[in-house]
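Structure file final_28.txt with compact mmCIF, N, CA and C atoms:
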# COMPACT_ATOMS: atom_id res chain seq x y z
N MET N 454 17.23 1.90 -4.18
CA MET N 454 16.07 1.04 -4.10
C MET N 454 16.24 -0.17 -5.00
N ASN N 455 15.81 -1.31 -4.53
CA ASN N 455 15.87 -2.56 -5.28
C ASN N 455 14.91 -2.49 -6.46
N THR N 456 15.34 -2.99 -7.60
CA THR N 456 14.47 -2.97 -8.78
C THR N 456 14.03 -4.37 -9.18
N ASP N 457 14.18 -5.35 -8.30
CA ASP N 457 13.75 -6.71 -8.59
C ASP N 457 12.23 -6.79 -8.44
N GLN N 458 11.55 -6.13 -9.35
CA GLN N 458 10.10 -6.00 -9.27
C GLN N 458 9.39 -7.35 -9.41
N THR N 459 9.96 -8.28 -10.14
CA THR N 459 9.32 -9.58 -10.31
C THR N 459 9.17 -10.28 -8.96
N HIS N 460 10.25 -10.32 -8.18
CA HIS N 460 10.19 -10.97 -6.87
C HIS N 460 9.25 -10.23 -5.92
N VAL N 461 9.40 -8.92 -5.84
CA VAL N 461 8.59 -8.14 -4.91
C VAL N 461 7.12 -8.21 -5.30
N SER N 462 6.82 -8.09 -6.58
CA SER N 462 5.43 -8.16 -7.04
C SER N 462 4.84 -9.53 -6.74
N ALA N 463 5.63 -10.58 -6.94
CA ALA N 463 5.14 -11.93 -6.66
C ALA N 463 4.85 -12.09 -5.17
N THR N 464 5.71 -11.54 -4.34
CA THR N 464 5.50 -11.62 -2.90
C THR N 464 4.27 -10.80 -2.49
N LEU N 465 4.23 -9.57 -2.93
CA LEU N 465 3.14 -8.67 -2.58
C LEU N 465 1.81 -9.16 -3.14
N MET N 466 1.86 -9.74 -4.33
CA MET N 466 0.63 -10.13 -5.02
C MET N 466 0.22 -11.57 -4.77
N SER N 467 0.89 -12.29 -3.87
CA SER N 467 0.48 -13.66 -3.57
C SER N 467 -0.92 -13.64 -2.97
N ASP N 468 -1.65 -14.73 -3.14
CA ASP N 468 -3.04 -14.79 -2.67
C ASP N 468 -3.17 -14.43 -1.19
N GLN N 469 -2.29 -14.98 -0.37
CA GLN N 469 -2.37 -14.72 1.07
C GLN N 469 -2.11 -13.24 1.39
N ASN N 470 -1.14 -12.63 0.72
CA ASN N 470 -0.85 -11.23 0.98
C ASN N 470 -1.96 -10.33 0.45
N ILE N 471 -2.56 -10.67 -0.68
CA ILE N 471 -3.68 -9.88 -1.19
C ILE N 471 -4.83 -9.91 -0.18
N ARG N 472 -5.11 -11.08 0.41
CA ARG N 472 -6.18 -11.16 1.43
C ARG N 472 -5.86 -10.28 2.64
N THR N 473 -4.60 -10.26 3.04
CA THR N 473 -4.19 -9.41 4.17
C THR N 473 -4.34 -7.93 3.81
N ILE N 474 -3.95 -7.57 2.60
CA ILE N 474 -4.10 -6.18 2.15
C ILE N 474 -5.58 -5.80 2.10
N GLU N 475 -6.43 -6.70 1.59
CA GLU N 475 -7.87 -6.44 1.55
C GLU N 475 -8.43 -6.22 2.96
N ALA N 476 -8.01 -7.04 3.92
CA ALA N 476 -8.48 -6.88 5.30
C ALA N 476 -8.04 -5.54 5.86
N ASN N 477 -6.81 -5.13 5.57
CA ASN N 477 -6.34 -3.83 6.05
C ASN N 477 -7.05 -2.68 5.35
N LEU N 478 -7.44 -2.86 4.09
CA LEU N 478 -8.19 -1.83 3.39
C LEU N 478 -9.50 -1.55 4.10
N ASN N 479 -10.15 -2.61 4.58
CA ASN N 479 -11.40 -2.42 5.33
C ASN N 479 -11.18 -1.50 6.52
N ALA N 480 -10.11 -1.72 7.26
CA ALA N 480 -9.80 -0.89 8.43
C ALA N 480 -9.49 0.54 8.02
N VAL N 481 -8.75 0.71 6.92
CA VAL N 481 -8.40 2.05 6.44
C VAL N 481 -9.65 2.82 6.03
N LEU N 482 -10.57 2.15 5.33
CA LEU N 482 -11.78 2.83 4.86
C LEU N 482 -12.72 3.22 5.99
N GLU N 483 -12.56 2.62 7.17
CA GLU N 483 -13.39 2.98 8.32
C GLU N 483 -12.87 4.21 9.05
N GLN N 484 -11.65 4.64 8.77
CA GLN N 484 -11.09 5.82 9.44
C GLN N 484 -11.24 7.05 8.55
N SER N 485 -10.84 8.17 9.07
CA SER N 485 -10.91 9.41 8.30
C SER N 485 -9.92 9.36 7.15
N LEU N 486 -10.39 9.75 5.98
CA LEU N 486 -9.54 9.84 4.79
C LEU N 486 -9.53 11.28 4.33
N THR N 487 -8.34 11.77 4.00
CA THR N 487 -8.19 13.15 3.54
C THR N 487 -7.99 13.15 2.03
N PRO N 488 -8.88 13.84 1.28
CA PRO N 488 -8.66 13.94 -0.16
C PRO N 488 -7.40 14.74 -0.44
N MET N 489 -6.67 14.35 -1.47
CA MET N 489 -5.43 15.04 -1.81
C MET N 489 -5.17 14.89 -3.30
N GLU N 490 -4.50 15.85 -3.88
CA GLU N 490 -4.11 15.77 -5.29
C GLU N 490 -3.11 14.63 -5.46
N PRO N 491 -3.13 13.92 -6.61
CA PRO N 491 -2.27 12.75 -6.80
C PRO N 491 -0.78 13.00 -6.57
N ALA N 492 -0.22 14.03 -7.13
CA ALA N 492 1.22 14.29 -6.99
C ALA N 492 1.57 14.61 -5.54
N GLN N 493 0.73 15.38 -4.89
CA GLN N 493 0.96 15.74 -3.49
C GLN N 493 0.86 14.50 -2.61
N ALA N 494 -0.13 13.64 -2.86
CA ALA N 494 -0.29 12.41 -2.08
C ALA N 494 0.92 11.51 -2.24
N LYS N 495 1.41 11.39 -3.46
CA LYS N 495 2.56 10.52 -3.74
C LYS N 495 3.79 10.97 -2.95
N VAL N 496 4.12 12.24 -3.04
CA VAL N 496 5.31 12.76 -2.34
C VAL N 496 5.14 12.63 -0.82
N TYR N 497 4.00 13.05 -0.32
CA TYR N 497 3.75 13.03 1.12
C TYR N 497 3.83 11.59 1.67
N MET N 498 3.15 10.66 0.99
CA MET N 498 3.09 9.30 1.50
C MET N 498 4.41 8.56 1.32
N GLU N 499 5.16 8.85 0.27
CA GLU N 499 6.46 8.20 0.12
C GLU N 499 7.43 8.68 1.20
N HIS N 500 7.35 9.94 1.58
CA HIS N 500 8.17 10.43 2.70
C HIS N 500 7.72 9.77 4.00
N THR N 501 6.41 9.61 4.17
CA THR N 501 5.88 8.94 5.37
C THR N 501 6.38 7.51 5.44
N ALA N 502 6.35 6.79 4.32
CA ALA N 502 6.83 5.40 4.28
C ALA N 502 8.30 5.31 4.65
N THR N 503 9.10 6.21 4.12
CA THR N 503 10.54 6.21 4.41
C THR N 503 10.77 6.45 5.90
N ARG N 504 10.02 7.38 6.49
CA ARG N 504 10.16 7.66 7.92
C ARG N 504 9.75 6.45 8.76
N ILE N 505 8.61 5.83 8.43
CA ILE N 505 8.14 4.65 9.18
C ILE N 505 9.15 3.51 9.04
N ALA N 506 9.68 3.31 7.84
CA ALA N 506 10.68 2.25 7.63
C ALA N 506 11.92 2.50 8.49
N GLU N 507 12.42 3.72 8.46
CA GLU N 507 13.63 4.03 9.24
C GLU N 507 13.39 3.84 10.73
N GLU N 508 12.20 4.19 11.21
CA GLU N 508 11.87 4.01 12.63
C GLU N 508 11.89 2.54 13.03
N SER N 509 11.62 1.64 12.07
CA SER N 509 11.61 0.21 12.37
C SER N 509 12.92 -0.47 11.97
N GLY N 510 13.93 0.34 11.58
CA GLY N 510 15.24 -0.20 11.22
C GLY N 510 15.27 -0.85 9.84
N ALA N 511 14.38 -0.45 8.96
CA ALA N 511 14.30 -1.03 7.62
C ALA N 511 14.47 0.06 6.57
N ASN N 512 14.48 -0.36 5.32
CA ASN N 512 14.50 0.55 4.18
C ASN N 512 13.34 0.20 3.26
N VAL N 513 12.96 1.16 2.43
CA VAL N 513 11.94 0.91 1.43
C VAL N 513 12.61 0.24 0.24
N THR N 514 12.09 -0.91 -0.15
CA THR N 514 12.61 -1.62 -1.31
C THR N 514 12.04 -1.02 -2.58
N MET N 515 10.72 -0.80 -2.58
CA MET N 515 10.06 -0.22 -3.75
C MET N 515 8.64 0.19 -3.38
N PHE N 516 8.03 0.94 -4.28
CA PHE N 516 6.63 1.31 -4.15
C PHE N 516 5.88 0.57 -5.26
N GLN N 517 4.72 0.06 -4.92
CA GLN N 517 3.94 -0.72 -5.88
C GLN N 517 2.47 -0.37 -5.73
N MET N 518 1.78 -0.19 -6.84
CA MET N 518 0.34 0.03 -6.80
C MET N 518 -0.35 -1.33 -6.84
N VAL N 519 -1.32 -1.53 -5.96
CA VAL N 519 -2.07 -2.79 -5.87
C VAL N 519 -3.54 -2.49 -6.04
N LYS N 520 -4.19 -3.22 -6.94
CA LYS N 520 -5.62 -3.04 -7.21
C LYS N 520 -6.42 -3.99 -6.31
N ILE N 521 -7.34 -3.41 -5.52
CA ILE N 521 -8.13 -4.18 -4.57
C ILE N 521 -9.60 -3.83 -4.73
N LYS N 522 -10.45 -4.86 -4.76
CA LYS N 522 -11.90 -4.64 -4.80
C LYS N 522 -12.40 -4.59 -3.36
N HIS N 523 -13.35 -3.70 -3.12
CA HIS N 523 -13.96 -3.57 -1.80
C HIS N 523 -15.44 -3.28 -2.00
N VAL N 524 -16.28 -4.18 -1.54
CA VAL N 524 -17.73 -4.09 -1.69
C VAL N 524 -18.05 -3.82 -3.17
N SER N 525 -18.53 -2.62 -3.48
CA SER N 525 -18.88 -2.33 -4.87
C SER N 525 -17.89 -1.38 -5.53
N SER N 526 -16.78 -1.08 -4.87
CA SER N 526 -15.78 -0.17 -5.43
C SER N 526 -14.46 -0.89 -5.62
N THR N 527 -13.61 -0.30 -6.43
CA THR N 527 -12.26 -0.81 -6.64
C THR N 527 -11.29 0.32 -6.34
N TYR N 528 -10.21 -0.01 -5.66
CA TYR N 528 -9.21 0.97 -5.25
C TYR N 528 -7.83 0.56 -5.73
N LEU N 529 -6.99 1.55 -5.99
CA LEU N 529 -5.56 1.34 -6.17
C LEU N 529 -4.90 1.84 -4.90
N ILE N 530 -4.09 0.99 -4.29
CA ILE N 530 -3.38 1.37 -3.07
C ILE N 530 -1.89 1.38 -3.36
N ARG N 531 -1.23 2.46 -3.00
CA ARG N 531 0.23 2.52 -3.12
C ARG N 531 0.79 1.82 -1.88
N MET N 532 1.62 0.80 -2.12
CA MET N 532 2.24 0.05 -1.04
C MET N 532 3.74 0.32 -1.07
N ALA N 533 4.32 0.48 0.10
CA ALA N 533 5.77 0.56 0.23
C ALA N 533 6.24 -0.79 0.75
N VAL N 534 7.08 -1.48 -0.01
CA VAL N 534 7.61 -2.78 0.40
C VAL N 534 8.93 -2.52 1.12
N LEU N 535 9.06 -3.10 2.31
CA LEU N 535 10.23 -2.84 3.16
C LEU N 535 11.18 -4.02 3.19
N THR N 536 12.42 -3.75 3.56
CA THR N 536 13.45 -4.79 3.64
C THR N 536 13.23 -5.74 4.81
N ASN N 537 12.35 -5.43 5.73
CA ASN N 537 12.11 -6.31 6.88
C ASN N 537 10.95 -7.28 6.64
N GLY N 538 10.52 -7.44 5.40
CA GLY N 538 9.48 -8.42 5.09
C GLY N 538 8.07 -7.92 5.34
N SER N 539 7.90 -6.62 5.39
CA SER N 539 6.55 -6.07 5.57
C SER N 539 6.30 -5.01 4.50
N ALA N 540 5.07 -4.53 4.48
CA ALA N 540 4.69 -3.48 3.54
C ALA N 540 3.85 -2.47 4.31
N ILE N 541 3.81 -1.26 3.80
CA ILE N 541 3.01 -0.20 4.40
C ILE N 541 1.98 0.24 3.38
N GLY N 542 0.71 0.23 3.78
CA GLY N 542 -0.35 0.74 2.93
C GLY N 542 -0.35 2.25 2.99
N LEU N 543 -0.25 2.90 1.85
CA LEU N 543 -0.14 4.35 1.82
C LEU N 543 -1.42 4.98 1.28
N ASP N 544 -1.29 5.87 0.30
CA ASP N 544 -2.46 6.53 -0.26
C ASP N 544 -3.26 5.56 -1.12
N LEU N 545 -4.51 5.91 -1.37
CA LEU N 545 -5.35 5.08 -2.21
C LEU N 545 -6.16 5.95 -3.14
N MET N 546 -6.55 5.34 -4.27
CA MET N 546 -7.34 6.05 -5.26
C MET N 546 -8.60 5.24 -5.52
N ASP N 547 -9.73 5.91 -5.47
CA ASP N 547 -11.01 5.31 -5.83
C ASP N 547 -11.06 5.29 -7.36
N LEU N 548 -11.07 4.11 -7.95
CA LEU N 548 -11.03 4.01 -9.41
C LEU N 548 -12.32 4.49 -10.07
N GLU N 549 -13.41 4.57 -9.32
CA GLU N 549 -14.67 5.04 -9.89
C GLU N 549 -14.66 6.53 -10.18
N ASN N 550 -14.05 7.30 -9.26
CA ASN N 550 -14.07 8.75 -9.46
C ASN N 550 -12.67 9.38 -9.58
N GLY N 551 -11.63 8.57 -9.44
CA GLY N 551 -10.26 9.06 -9.62
C GLY N 551 -9.72 9.87 -8.46
N GLN N 552 -10.46 9.96 -7.35
CA GLN N 552 -10.03 10.75 -6.19
C GLN N 552 -8.97 10.00 -5.38
N PHE N 553 -7.89 10.70 -5.04
CA PHE N 553 -6.86 10.15 -4.16
C PHE N 553 -7.17 10.54 -2.73
N PHE N 554 -6.84 9.63 -1.80
CA PHE N 554 -7.05 9.88 -0.38
C PHE N 554 -5.81 9.41 0.37
N ILE N 555 -5.54 10.08 1.48
CA ILE N 555 -4.51 9.58 2.40
C ILE N 555 -5.22 9.21 3.70
N PRO N 556 -4.82 8.09 4.30
CA PRO N 556 -5.47 7.64 5.54
C PRO N 556 -4.91 8.36 6.75
N GLU N 557 -5.68 8.28 7.82
CA GLU N 557 -5.27 8.85 9.10
C GLU N 557 -4.01 8.16 9.61
N SER N 558 -3.94 6.84 9.46
CA SER N 558 -2.74 6.09 9.83
C SER N 558 -2.49 5.02 8.78
N CYS N 559 -1.23 4.72 8.56
CA CYS N 559 -0.84 3.77 7.52
C CYS N 559 -0.62 2.39 8.14
N PRO N 560 -1.35 1.38 7.67
CA PRO N 560 -1.15 0.04 8.24
C PRO N 560 0.16 -0.58 7.79
N VAL N 561 0.87 -1.19 8.74
CA VAL N 561 2.07 -1.97 8.43
C VAL N 561 1.61 -3.42 8.34
N ILE N 562 1.88 -4.05 7.20
CA ILE N 562 1.37 -5.39 6.92
C ILE N 562 2.54 -6.36 6.79
N PRO N 563 2.62 -7.37 7.69
CA PRO N 563 3.67 -8.38 7.52
C PRO N 563 3.34 -9.21 6.27
N LEU N 564 4.34 -9.40 5.41
CA LEU N 564 4.13 -10.18 4.18
C LEU N 564 4.57 -11.61 4.38
N GLU N 565 3.81 -12.52 3.83
CA GLU N 565 4.18 -13.91 3.78
C GLU N 565 5.00 -14.14 2.54
N THR N 566 6.11 -14.86 2.67
CA THR N 566 6.93 -15.19 1.50
C THR N 566 6.30 -16.41 0.84
N PRO N 567 6.00 -16.32 -0.45
CA PRO N 567 5.39 -17.47 -1.12
C PRO N 567 6.34 -18.66 -1.16
N THR N 568 5.76 -19.84 -1.01
CA THR N 568 6.57 -21.04 -1.07
C THR N 568 6.61 -21.56 -2.51
N VAL N 569 7.70 -22.16 -2.88
CA VAL N 569 7.85 -22.71 -4.22
C VAL N 569 7.75 -24.22 -4.10
N ASN N 570 6.80 -24.80 -4.81
CA ASN N 570 6.61 -26.27 -4.77
C ASN N 570 7.20 -26.91 -6.00

Before anything else, please render the file you have as C-alpha cells.
Amino acid sequence: MNTDQTHVSATLMSDQNIRTIEANLNAVLEQSLTPMEPAQAKVYMEHTATRIAEESGANVTMFQMVKIKHVSSTYLIRMAVLTNGSAIGLDLMDLENGQFFIPESCPVIPLETPTVN
C-alpha cells in the first residue's frame, strides 16, 4: 500500500471531494445500516474494499478516516482510496454515541484531482 498520505489526504480532503463525500453520506444514511463492533467493521469493510477494487481492476492505496457533518450529527467515515482515482465509502461511526455501522452498499466516489495554481 502507498504511504504518501499527504498527497492522498489532500486529494480526498479537497473541498470538491468533501462535498461529494457529504452527498454520498446522505444516500448511505437513507439505506439500512447494520451496527457492528469497531474491530469487526474495520476488518469486514477493508476486505470488502479490496474485493470491490479488484473487481474494477484497481488496488487500494490506503484507508483514511474522514470527518463529515450531517444535519445535527457528525460522522467518521472510513474511505478506501483506490489507484483508479476513486474512493469507496466504507463503515461509519456516529461521533455522538460512538456506534459503528456498515452500510447496505458501499458508494464508489470518483475523486477530483486538485489543481495547483

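Comparing N:Ala463, N:His500, N:Ala480, N:Phe516 by their smallest distance to Ala533 in chain N, the closest is N:Phe516 (using all atoms listed in the file).
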
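Residue nearest Thr566 in chain N within the list N:Glu549, N:Gly538, N:Leu543, N:Thr487: N:Gly538 [criterion: smallest interatomic distance, only C-alpha atoms].
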
Excluding same-chain residues fewer than 4 positions from Ala506 in chain N, what lies within 10 Å of it counting only C-alpha atoms, as number ranges by chain?
-> N: 500-502, 510-514, 533-537, 539-541, 561

If you run DSSP on the backbone, which residues of chain N are strand (DSSP E), as JSON, numbers by chain?
-> {"N": [486, 487, 488, 489, 513, 514, 515, 516, 517, 518, 519, 520, 521, 522, 523, 526, 527, 528, 529, 530, 531, 532, 533, 534, 535, 539, 540, 541, 542, 543, 544, 545, 546, 547, 553, 554, 555, 556, 561, 562, 563]}

Nearby residues (only C-alpha atoms) at most 12 Å from Ile521 in chain N, same-chain spacing under 6 positions excluded, as an MDAnalysis selection string = chainID N and resid 466 468 470:479 527:532 542 545:548

Where in chain N does DSSP assign helix (DSSP H, G or I), given as a CSV table (one decimal) with N, CA and C atoms, in the frame of the given file?
chain,number,residue,atom,x,y,z
N,458,GLN,N,11.6,-6.1,-9.4
N,458,GLN,CA,10.1,-6.0,-9.3
N,458,GLN,C,9.4,-7.4,-9.4
N,459,THR,N,10.0,-8.3,-10.1
N,459,THR,CA,9.3,-9.6,-10.3
N,459,THR,C,9.2,-10.3,-9.0
N,460,HIS,N,10.2,-10.3,-8.2
N,460,HIS,CA,10.2,-11.0,-6.9
N,460,HIS,C,9.2,-10.2,-5.9
N,461,VAL,N,9.4,-8.9,-5.8
N,461,VAL,CA,8.6,-8.1,-4.9
N,461,VAL,C,7.1,-8.2,-5.3
N,462,SER,N,6.8,-8.1,-6.6
N,462,SER,CA,5.4,-8.2,-7.0
N,462,SER,C,4.8,-9.5,-6.7
N,463,ALA,N,5.6,-10.6,-6.9
N,463,ALA,CA,5.1,-11.9,-6.7
N,463,ALA,C,4.8,-12.1,-5.2
N,464,THR,N,5.7,-11.5,-4.3
N,464,THR,CA,5.5,-11.6,-2.9
N,464,THR,C,4.3,-10.8,-2.5
N,465,LEU,N,4.2,-9.6,-2.9
N,465,LEU,CA,3.1,-8.7,-2.6
N,465,LEU,C,1.8,-9.2,-3.1
N,468,ASP,N,-1.6,-14.7,-3.1
N,468,ASP,CA,-3.0,-14.8,-2.7
N,468,ASP,C,-3.2,-14.4,-1.2
N,469,GLN,N,-2.3,-15.0,-0.4
N,469,GLN,CA,-2.4,-14.7,1.1
N,469,GLN,C,-2.1,-13.2,1.4
N,470,ASN,N,-1.1,-12.6,0.7
N,470,ASN,CA,-0.8,-11.2,1.0
N,470,ASN,C,-2.0,-10.3,0.4
N,471,ILE,N,-2.6,-10.7,-0.7
N,471,ILE,CA,-3.7,-9.9,-1.2
N,471,ILE,C,-4.8,-9.9,-0.2
N,472,ARG,N,-5.1,-11.1,0.4
N,472,ARG,CA,-6.2,-11.2,1.4
N,472,ARG,C,-5.9,-10.3,2.6
N,473,THR,N,-4.6,-10.3,3.0
N,473,THR,CA,-4.2,-9.4,4.2
N,473,THR,C,-4.3,-7.9,3.8
N,474,ILE,N,-4.0,-7.6,2.6
N,474,ILE,CA,-4.1,-6.2,2.2
N,474,ILE,C,-5.6,-5.8,2.1
N,475,GLU,N,-6.4,-6.7,1.6
N,475,GLU,CA,-7.9,-6.4,1.6
N,475,GLU,C,-8.4,-6.2,3.0
N,476,ALA,N,-8.0,-7.0,3.9
N,476,ALA,CA,-8.5,-6.9,5.3
N,476,ALA,C,-8.0,-5.5,5.9
N,477,ASN,N,-6.8,-5.1,5.6
N,477,ASN,CA,-6.3,-3.8,6.0
N,477,ASN,C,-7.0,-2.7,5.4
N,478,LEU,N,-7.4,-2.9,4.1
N,478,LEU,CA,-8.2,-1.8,3.4
N,478,LEU,C,-9.5,-1.6,4.1
N,479,ASN,N,-10.2,-2.6,4.6
N,479,ASN,CA,-11.4,-2.4,5.3
N,479,ASN,C,-11.2,-1.5,6.5
N,480,ALA,N,-10.1,-1.7,7.3
N,480,ALA,CA,-9.8,-0.9,8.4
N,480,ALA,C,-9.5,0.5,8.0
N,481,VAL,N,-8.8,0.7,6.9
N,481,VAL,CA,-8.4,2.0,6.4
N,481,VAL,C,-9.6,2.8,6.0
N,482,LEU,N,-10.6,2.2,5.3
N,482,LEU,CA,-11.8,2.8,4.9
N,482,LEU,C,-12.7,3.2,6.0
N,491,PRO,N,-3.1,13.9,-6.6
N,491,PRO,CA,-2.3,12.8,-6.8
N,491,PRO,C,-0.8,13.0,-6.6
N,492,ALA,N,-0.2,14.0,-7.1
N,492,ALA,CA,1.2,14.3,-7.0
N,492,ALA,C,1.6,14.6,-5.5
N,493,GLN,N,0.7,15.4,-4.9
N,493,GLN,CA,1.0,15.7,-3.5
N,493,GLN,C,0.9,14.5,-2.6
N,494,ALA,N,-0.1,13.6,-2.9
N,494,ALA,CA,-0.3,12.4,-2.1
N,494,ALA,C,0.9,11.5,-2.2
N,495,LYS,N,1.4,11.4,-3.5
N,495,LYS,CA,2.6,10.5,-3.7
N,495,LYS,C,3.8,11.0,-3.0
N,496,VAL,N,4.1,12.2,-3.0
N,496,VAL,CA,5.3,12.8,-2.3
N,496,VAL,C,5.1,12.6,-0.8
N,497,TYR,N,4.0,13.0,-0.3
N,497,TYR,CA,3.8,13.0,1.1
N,497,TYR,C,3.8,11.6,1.7
N,498,MET,N,3.2,10.7,1.0
N,498,MET,CA,3.1,9.3,1.5
N,498,MET,C,4.4,8.6,1.3
N,499,GLU,N,5.2,8.8,0.3
N,499,GLU,CA,6.5,8.2,0.1
N,499,GLU,C,7.4,8.7,1.2
N,500,HIS,N,7.4,9.9,1.6
N,500,HIS,CA,8.2,10.4,2.7
N,500,HIS,C,7.7,9.8,4.0
N,501,THR,N,6.4,9.6,4.2
N,501,THR,CA,5.9,8.9,5.4
N,501,THR,C,6.4,7.5,5.4
N,502,ALA,N,6.4,6.8,4.3
N,502,ALA,CA,6.8,5.4,4.3
N,502,ALA,C,8.3,5.3,4.6
N,503,THR,N,9.1,6.2,4.1
N,503,THR,CA,10.5,6.2,4.4
N,503,THR,C,10.8,6.4,5.9
N,504,ARG,N,10.0,7.4,6.5
N,504,ARG,CA,10.2,7.7,7.9
N,504,ARG,C,9.8,6.4,8.8
N,505,ILE,N,8.6,5.8,8.4
N,505,ILE,CA,8.1,4.6,9.2
N,505,ILE,C,9.2,3.5,9.0
N,506,ALA,N,9.7,3.3,7.8
N,506,ALA,CA,10.7,2.2,7.6
N,506,ALA,C,11.9,2.5,8.5
N,507,GLU,N,12.4,3.7,8.5
N,507,GLU,CA,13.6,4.0,9.2
N,507,GLU,C,13.4,3.8,10.7
N,508,GLU,N,12.2,4.2,11.2
N,508,GLU,CA,11.9,4.0,12.6
N,508,GLU,C,11.9,2.5,13.0

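Taking atom C of Phe553 in chain N as the reference point, atom C of Ser485 in chain N is found at 10.3 Å.
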
So what do you get for CA of Pro563 in chain N versus CA of Glu490 in chain N, distance-wise?
-> 28.4 Å

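Residue nearest Pro491 in chain N within the list N:Gln517, N:Thr459, N:Ser558, N:Gln552: N:Gln552 [criterion: smallest interatomic distance, only N, CA and C atoms].
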
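CA of Glu507 in chain N is found 18.3 Å from CA of Lys495 in chain N.
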